[in-house]
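Data from final.cif: mmCIF, C-alpha atoms
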data_run
#
loop_
_atom_site.label_atom_id
_atom_site.label_comp_id
_atom_site.auth_asym_id
_atom_site.auth_seq_id
_atom_site.Cartn_x
_atom_site.Cartn_y
_atom_site.Cartn_z
CA TYR S 805 -55.17 77.04 -2.85
CA ARG S 806 -55.41 75.88 -6.44
CA GLY S 807 -57.28 77.67 -9.21
CA VAL S 808 -58.44 75.96 -12.41
CA SER S 809 -60.23 77.59 -15.33
CA ASP S 810 -62.56 74.66 -16.10
CA HIS S 811 -63.76 72.89 -12.96
CA ALA S 812 -65.49 70.12 -14.91
CA ALA S 813 -62.48 69.20 -17.05
CA HIS S 814 -59.64 69.62 -14.53
CA LYS S 815 -59.33 66.81 -12.04
CA LEU S 816 -57.04 67.02 -9.03
CA LEU S 817 -54.41 64.95 -10.76
CA PRO S 818 -50.97 65.91 -12.05
CA GLY S 819 -50.76 66.41 -15.80
CA ILE S 820 -49.17 63.06 -16.56
CA GLY S 821 -52.06 61.23 -14.84
CA ARG S 822 -54.87 62.83 -16.85
CA GLY S 823 -54.41 60.90 -20.09
CA ASP S 824 -57.02 58.39 -21.21
CA PHE S 825 -54.59 55.49 -21.45
CA GLN S 826 -55.59 51.86 -21.84
CA ASN S 827 -52.95 50.80 -19.32
CA ILE S 828 -50.55 52.41 -16.88
CA TRP S 829 -47.57 50.58 -18.34
CA PHE S 830 -47.86 52.63 -21.53
CA SER S 831 -48.44 55.81 -19.50
CA ALA S 832 -45.26 55.25 -17.47
CA GLU S 833 -43.20 54.58 -20.58
CA LEU S 834 -44.48 57.76 -22.19
CA GLU S 835 -43.83 59.75 -19.02
CA ARG S 836 -40.23 58.59 -18.89
CA LYS S 837 -39.66 59.40 -22.57
CA VAL S 838 -41.18 62.89 -22.27
CA PHE S 839 -39.16 63.76 -19.16
CA LEU S 840 -35.80 62.53 -20.44
CA GLU S 841 -36.19 64.33 -23.77
CA PHE S 842 -37.24 67.58 -22.06
CA LYS S 843 -34.27 67.32 -19.66
CA GLN S 844 -31.93 66.90 -22.64
CA LYS S 845 -33.31 69.97 -24.42
CA LEU S 846 -33.48 72.07 -21.24
CA ALA S 847 -29.69 71.86 -20.87
CA ARG S 848 -29.42 74.39 -23.69
CA PHE S 849 -31.08 77.05 -21.49
CA GLU S 850 -30.49 75.90 -17.89
CA LYS S 851 -27.20 74.25 -16.96
CA ASN S 852 -26.48 71.73 -14.19
CA LYS S 853 -30.05 71.29 -12.97
CA SER S 854 -31.11 68.32 -10.88
CA ASP S 855 -33.83 66.03 -12.19
CA PHE S 856 -36.32 67.54 -9.77
CA GLU S 857 -35.43 71.07 -10.90
CA CYS S 858 -35.90 69.92 -14.50
CA ALA S 859 -39.35 68.66 -13.53
CA ILE S 860 -40.20 72.07 -12.06
CA PHE S 861 -39.17 73.81 -15.29
CA ALA S 862 -41.21 71.28 -17.26
CA GLN S 863 -44.25 71.94 -15.06
CA HIS S 864 -43.93 75.71 -15.39
CA TYR S 865 -43.81 75.54 -19.17
CA GLY S 866 -46.71 73.18 -19.73
CA VAL S 867 -45.01 69.78 -20.01
CA PRO S 868 -46.97 67.08 -18.11
CA THR S 869 -45.22 65.91 -14.92
CA ARG S 870 -46.05 64.33 -11.57
CA LEU S 871 -46.21 67.78 -10.00
CA LEU S 872 -49.39 69.68 -9.20
CA ASP S 873 -49.23 73.45 -8.62
CA TRP S 874 -50.60 75.07 -5.47
CA THR S 875 -50.23 78.50 -3.91
CA THR S 876 -50.46 79.99 -0.43
CA ASN S 877 -51.96 83.16 -1.98
CA PRO S 878 -55.73 82.96 -2.66
CA LEU S 879 -55.57 85.84 -5.18
CA VAL S 880 -53.06 83.91 -7.28
CA ALA S 881 -55.38 80.89 -7.26
CA LEU S 882 -58.29 83.13 -8.23
CA PHE S 883 -56.27 84.50 -11.15
CA PHE S 884 -55.69 81.00 -12.53
CA SER S 885 -59.38 80.18 -12.22
CA LEU S 886 -60.12 82.99 -14.71
CA ASP S 887 -57.61 82.13 -17.40
CA SER S 888 -59.78 80.29 -19.91
CA LYS S 889 -60.45 80.60 -23.62
CA ASN S 890 -63.64 78.60 -23.25
CA ASP S 891 -67.03 79.61 -21.84
CA THR S 892 -66.63 77.48 -18.74
CA ASP S 893 -66.90 77.96 -15.00
CA GLY S 894 -63.65 77.91 -13.06
CA CYS S 895 -63.05 77.06 -9.43
CA VAL S 896 -60.66 77.50 -6.53
CA TYR S 897 -59.80 74.46 -4.41
CA ILE S 898 -58.87 74.88 -0.74
CA LEU S 899 -57.02 72.07 1.01
CA SER S 900 -58.69 70.71 4.12
CA HIS S 901 -55.54 70.24 6.18
CA GLU S 902 -51.76 70.37 6.07
CA LEU S 903 -50.19 67.79 3.80
CA MET S 904 -47.16 65.78 4.82
CA SER S 905 -44.10 67.68 3.67
CA THR S 906 -40.56 66.75 2.81
CA GLN S 907 -37.46 68.87 2.45
CA ASP S 908 -35.30 65.93 1.46
CA ASN S 909 -33.51 65.93 -1.84
CA ILE S 910 -36.00 64.65 -4.37
CA ASP S 911 -34.63 62.16 -6.87
CA TYR S 912 -37.25 62.51 -9.58
CA SER S 913 -35.78 59.83 -11.86
CA TYR S 914 -35.65 57.40 -8.94
CA ILE S 915 -39.37 57.92 -8.37
CA LEU S 916 -40.09 57.27 -12.04
CA ASP S 917 -37.99 54.10 -11.93
CA GLU S 918 -39.51 52.79 -8.71
CA THR S 919 -43.09 53.30 -9.89
CA MET S 920 -42.48 51.86 -13.34
CA PRO S 921 -44.73 48.80 -13.74
CA SER S 922 -43.17 45.65 -15.12
CA ILE S 923 -44.19 44.28 -18.51
CA ASP S 924 -46.54 41.95 -16.61
CA TYR S 925 -48.93 44.87 -16.15
CA PHE S 926 -49.25 45.18 -19.88
CA LEU S 927 -50.34 41.55 -20.17
CA GLU S 928 -52.91 41.55 -17.37
CA ASP S 929 -56.56 42.49 -17.50
CA LYS S 930 -56.65 46.29 -17.52
CA ILE S 931 -59.26 46.48 -14.75
CA ASN S 932 -56.59 45.22 -12.33
CA TYR S 933 -54.00 47.87 -13.20
CA MET S 934 -55.04 50.53 -10.72
CA PRO S 935 -55.43 48.42 -7.55
CA ILE S 936 -52.11 46.66 -8.12
CA TYR S 937 -50.32 49.89 -8.97
CA ASP S 938 -51.79 51.55 -5.90
CA LYS S 939 -50.50 48.79 -3.61
CA MET S 940 -47.06 48.96 -5.23
CA VAL S 941 -46.81 52.71 -4.62
CA LEU S 942 -48.03 52.53 -1.02
CA LYS S 943 -45.64 49.68 -0.23
CA LYS S 944 -42.68 51.63 -1.58
CA PHE S 945 -43.43 55.20 -0.45
CA GLY S 946 -46.20 54.83 2.13
CA LYS S 947 -48.32 57.58 0.58
CA HIS S 948 -49.80 58.74 -2.71
CA PHE S 949 -48.32 62.23 -2.68
CA VAL S 950 -46.22 64.61 -0.63
CA ARG S 951 -46.06 68.39 -0.28
CA ILE S 952 -42.86 70.09 -1.43
CA VAL S 953 -41.84 73.73 -1.01
CA PRO S 954 -39.11 74.16 -3.64
CA ASP S 955 -36.13 76.49 -3.64
CA SER S 956 -36.60 79.69 -5.63
CA ILE S 957 -35.03 78.38 -8.81
CA THR S 958 -37.41 80.45 -10.94
CA GLU S 959 -38.94 83.86 -10.29
CA ARG S 960 -42.39 82.39 -10.83
CA ILE S 961 -42.08 80.30 -7.67
CA ASP S 962 -41.65 83.48 -5.60
CA VAL S 963 -44.25 85.70 -7.24
CA GLN S 964 -46.86 82.94 -7.34
CA SER S 965 -46.17 81.85 -3.73
CA SER S 966 -45.87 78.34 -5.13
CA PHE S 967 -45.56 74.92 -3.66
CA PHE S 968 -46.18 71.54 -5.26
CA THR S 969 -47.60 68.18 -4.51
CA LEU S 970 -45.43 65.41 -5.92
CA HIS S 971 -47.53 62.37 -6.80
CA TYR S 972 -46.05 58.91 -6.42
CA ASN S 973 -49.31 57.65 -7.89
CA PRO S 974 -50.28 60.20 -10.58
CA PHE S 975 -53.62 58.45 -11.14
CA HIS S 976 -54.93 58.87 -7.57
CA PRO S 977 -57.01 62.08 -7.20
CA MET S 978 -56.71 64.33 -4.15
CA ASP S 979 -60.44 64.86 -3.61
CA ASP S 980 -60.37 63.64 0.01
CA PHE S 981 -58.04 66.49 0.92
CA ILE S 982 -60.35 69.24 -0.35
CA LYS S 983 -62.26 71.27 2.22
CA ILE S 984 -63.91 73.83 -0.06
CA LYS S 985 -64.45 74.14 -3.80
CA ILE S 986 -65.48 77.65 -4.85
CA ILE S 987 -67.11 77.82 -8.29
CA ILE S 988 -66.24 80.93 -10.34
CA LYS S 989 -69.07 81.49 -12.79
CA ASN S 990 -67.98 82.25 -16.34
CA ASP S 991 -70.16 85.35 -16.65
CA ILE S 992 -68.26 87.18 -13.88
CA LYS S 993 -64.72 86.17 -14.86
CA LYS S 994 -64.03 89.41 -16.74
CA LEU S 995 -65.23 91.50 -13.82
CA ILE S 996 -63.04 89.63 -11.34
CA GLU S 997 -60.09 89.89 -13.73
CA ARG S 998 -60.43 93.70 -13.75
CA GLN S 999 -60.73 93.77 -9.96
CA LEU S 1000 -57.61 91.64 -9.53
CA ASP S 1001 -55.72 94.00 -11.82
CA ILE S 1002 -56.57 96.88 -9.46
CA PHE S 1003 -54.87 94.90 -6.68
CA GLY S 1004 -51.81 94.28 -8.86
CA VAL S 1005 -52.58 90.71 -9.83
CA ASN S 1006 -52.34 90.28 -13.59
CA SER S 1007 -50.47 88.34 -16.27
CA TYR S 1008 -47.30 90.35 -15.80
CA THR S 1009 -47.12 90.03 -12.00
CA ILE S 1010 -47.90 86.31 -12.21
CA PHE S 1011 -45.56 85.67 -15.16
CA PRO S 1012 -42.81 88.31 -14.73
CA ASP S 1013 -41.23 88.01 -18.17
CA LEU S 1014 -41.74 89.42 -21.66
CA GLU S 1015 -44.48 86.92 -22.48
CA GLY S 1016 -46.37 87.89 -19.33
CA LEU S 1017 -45.90 91.59 -20.08
CA GLY S 1018 -47.27 91.16 -23.60
CA THR S 1019 -50.28 89.21 -22.35
CA ALA S 1020 -51.02 91.86 -19.71
CA PHE S 1021 -50.94 94.66 -22.28
CA ARG S 1022 -53.06 92.69 -24.74
CA LYS S 1023 -55.75 92.16 -22.10
CA LYS S 1024 -55.60 95.73 -20.81
CA PHE S 1025 -55.97 97.38 -24.21
CA LYS S 1026 -57.98 94.68 -25.99
CA PRO S 1027 -61.14 96.86 -26.32
CA PHE S 1028 -59.13 99.47 -28.25
CA LEU S 1029 -56.88 97.28 -30.38
CA PRO S 1030 -57.62 95.52 -33.69
CA ILE S 1031 -58.00 91.78 -33.44
#

If you convert what's in this file into structure tokens, what do you get?
Amino acid sequence: YRGVSDHAAHKLLPGIGRGDFQNIWFSAELERKVFLEFKQKLARFEKNKSDFECAIFAQHYGVPTRLLDWTTNPLVALFFSLDSKNDTDGCVYILSHELMSTQDNIDYSYILDETMPSIDYFLEDKINYMPIYDKMVLKKFGKHFVRIVPDSITERIDVQSSFFTLHYNPFHPMDDFIKIKIIIKNDIKKLIERQLDIFGVNSYTIFPDLEGLGTAFRKKFKPFLPI
């Protein structure tokens, strides 16, 4: 399951593939720069992490990566479909069938290197970028994405029953793998949020840290507190 708070705005693409770039060469260069700089800064807080573990931390804290979050718990997905500051409908996606999985060691930097277009892409007509890139990815990896169940390197992975899809082609949407898309109307989001809280699903249980605790209390007592 995957829950999103704005079904119209959120495509089934990893964060790094959602930008409105003129060409994928620029996108890949930006992706590499963002990841390497985040990895460098992360070392201050988390020592001796692999590149893939760095990517998981980046994903958890809002930095665009090639990872897309999923959960085996439908209530967790429902929670994420409600978390919106806009007056929009959310949705919960349900995968149609089991994705190909891998438990091999994931060399995240290797994937970035092997799917980095040459400068020739930058010089070609932009309408040809996607087909050529698609063929390059399929020739190298044989697929657009793969399912990964990570080790419990963060508490969030456990409490959110998380797994990821790792996208070799971050611009190729997963729509063909969706069986059901449940729309969560905006006018019932608050009601569902209160019902989930009764079942112990709230900001603190989903994000078991001080930030999550503060958010949970702010939501719980919002009607009685000054803005």

For this session: Between S:Pro935, S:Gly1016, S:Gly823, S:Pro868, single out the one closest to Lys837 of chain S, counting all atoms listed in the file.
Result: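 Ranked by minimum distance to Lys837 of chain S, first place goes to S:Pro868.
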
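For the set S:Asp873, S:Asp891, S:Glu835, S:Asp911, the residue with the smallest atom-to-atom gap to Asp810 of chain S is S:Asp891, counting only C-alpha atoms.
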
Problem set entry | Residues matched by the PyMOL selection byres ((chain S and resi 884) around 12), written as an NGL selection string | :S and (805-811 or 873-875 or 877-883 or 885-888 or 893-897 or 964 or 988 or 993 or 996-997 or 1000 or 1005-1007 or 1010-1011)

For this session: Would you mind telling me which residue in S:Asp979, S:Asp855, S:Asp1013, S:Asp938 lies nearest to Ile898 of chain S when using only C-alpha atoms?
Result: S:Asp979

What are the nearest atom pairs, with distances in Å to one decimal, for all residues of segment 835-915 of chain S that come at most 12 Å from segment 944-954 of chain S, using only C-alpha atoms, set out by chain and rising residue number as CSV?
residue,atom,partner,partner_atom,distance
S:Phe856,CA,S:Pro954,CA,9.4
S:Glu857,CA,S:Pro954,CA,8.7
S:Ala859,CA,S:Pro954,CA,11.3
S:Ile860,CA,S:Pro954,CA,8.7
S:Phe861,CA,S:Pro954,CA,11.7
S:Arg870,CA,S:Phe949,CA,9.4
S:Leu871,CA,S:Phe949,CA,9.4
S:Leu872,CA,S:Arg951,CA,9.6
S:Asp873,CA,S:Ile952,CA,10.2
S:Trp874,CA,S:Arg951,CA,9.6
S:Thr875,CA,S:Val953,CA,10.1
S:Thr876,CA,S:Val953,CA,10.7
S:Leu899,CA,S:Arg951,CA,11.6
S:His901,CA,S:Arg951,CA,11.6
S:Glu902,CA,S:Arg951,CA,8.8
S:Leu903,CA,S:Arg951,CA,5.8
S:Met904,CA,S:Val950,CA,5.7
S:Ser905,CA,S:Arg951,CA,4.5
S:Thr906,CA,S:Ile952,CA,5.9
S:Gln907,CA,S:Ile952,CA,6.8
S:Asp908,CA,S:Ile952,CA,9.1
S:Asn909,CA,S:Pro954,CA,10.1
S:Ile910,CA,S:Ile952,CA,9.2
S:Tyr914,CA,S:Lys944,CA,11.7
S:Ile915,CA,S:Phe945,CA,9.3

For this session: Kindly give the distance, in Å, that separates atom CA of Lys939 of chain S and atom CA of Ser900 of chain S, rounded to a single decimal.
Result: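 One can read the atom CA of Lys939 of chain S to atom CA of Ser900 of chain S distance as 24.6 Å.
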
Problem set entry | Neighbour list for Pro977 of chain S as a list of chain:residue names, cut-off 10 Å, all atoms listed in the file, skip fewer than 4 positions in-chain |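 Near neighbours after the sequence-gap exclusion: S:Lys815, S:Leu816, S:Leu817, S:Pro818, S:Gly821, S:Arg822, S:His948, S:Phe949, S:His971, S:Asn973, S:Phe981.
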
Exercise. Quick one: distance from atom CA of Asn890 of chain S to atom CA of Gln863 of chain S in Å, one decimal?
Worked result: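 A separation of 22.1 Å between them.
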
For this session: Mind giving me the straight-line distance from atom CA of Tyr937 of chain S to atom CA of Thr919 of chain S in Å, one decimal?
Result: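 Separation between atom CA of Tyr937 of chain S and atom CA of Thr919 of chain S: 8.0 Å.
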
Exercise. When distances are computed from all atoms listed in the file, which of S:Lys994, S:His976, S:Lys943, S:Arg836 shows the smallest separation from Asp917 of chain S?
Worked result: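 The shortest atom-to-atom distance to Asp917 of chain S comes from S:Arg836.
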
Once 3 Å is added on each side, what centre and edge lengths in Å to one decimal does the axis-aligned box around all listed atoms of segment 827-839 of chain S have, as JSON?
{"center_x": -46.1, "center_y": 57.2, "center_z": -19.7, "size_x": 19.8, "size_y": 19.2, "size_z": 11.7}

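Shortest atom-to-atom contact with Asn990 of chain S among S:Glu833, S:Lys845, S:Ile957, S:Thr892: S:Thr892, counting only C-alpha atoms.
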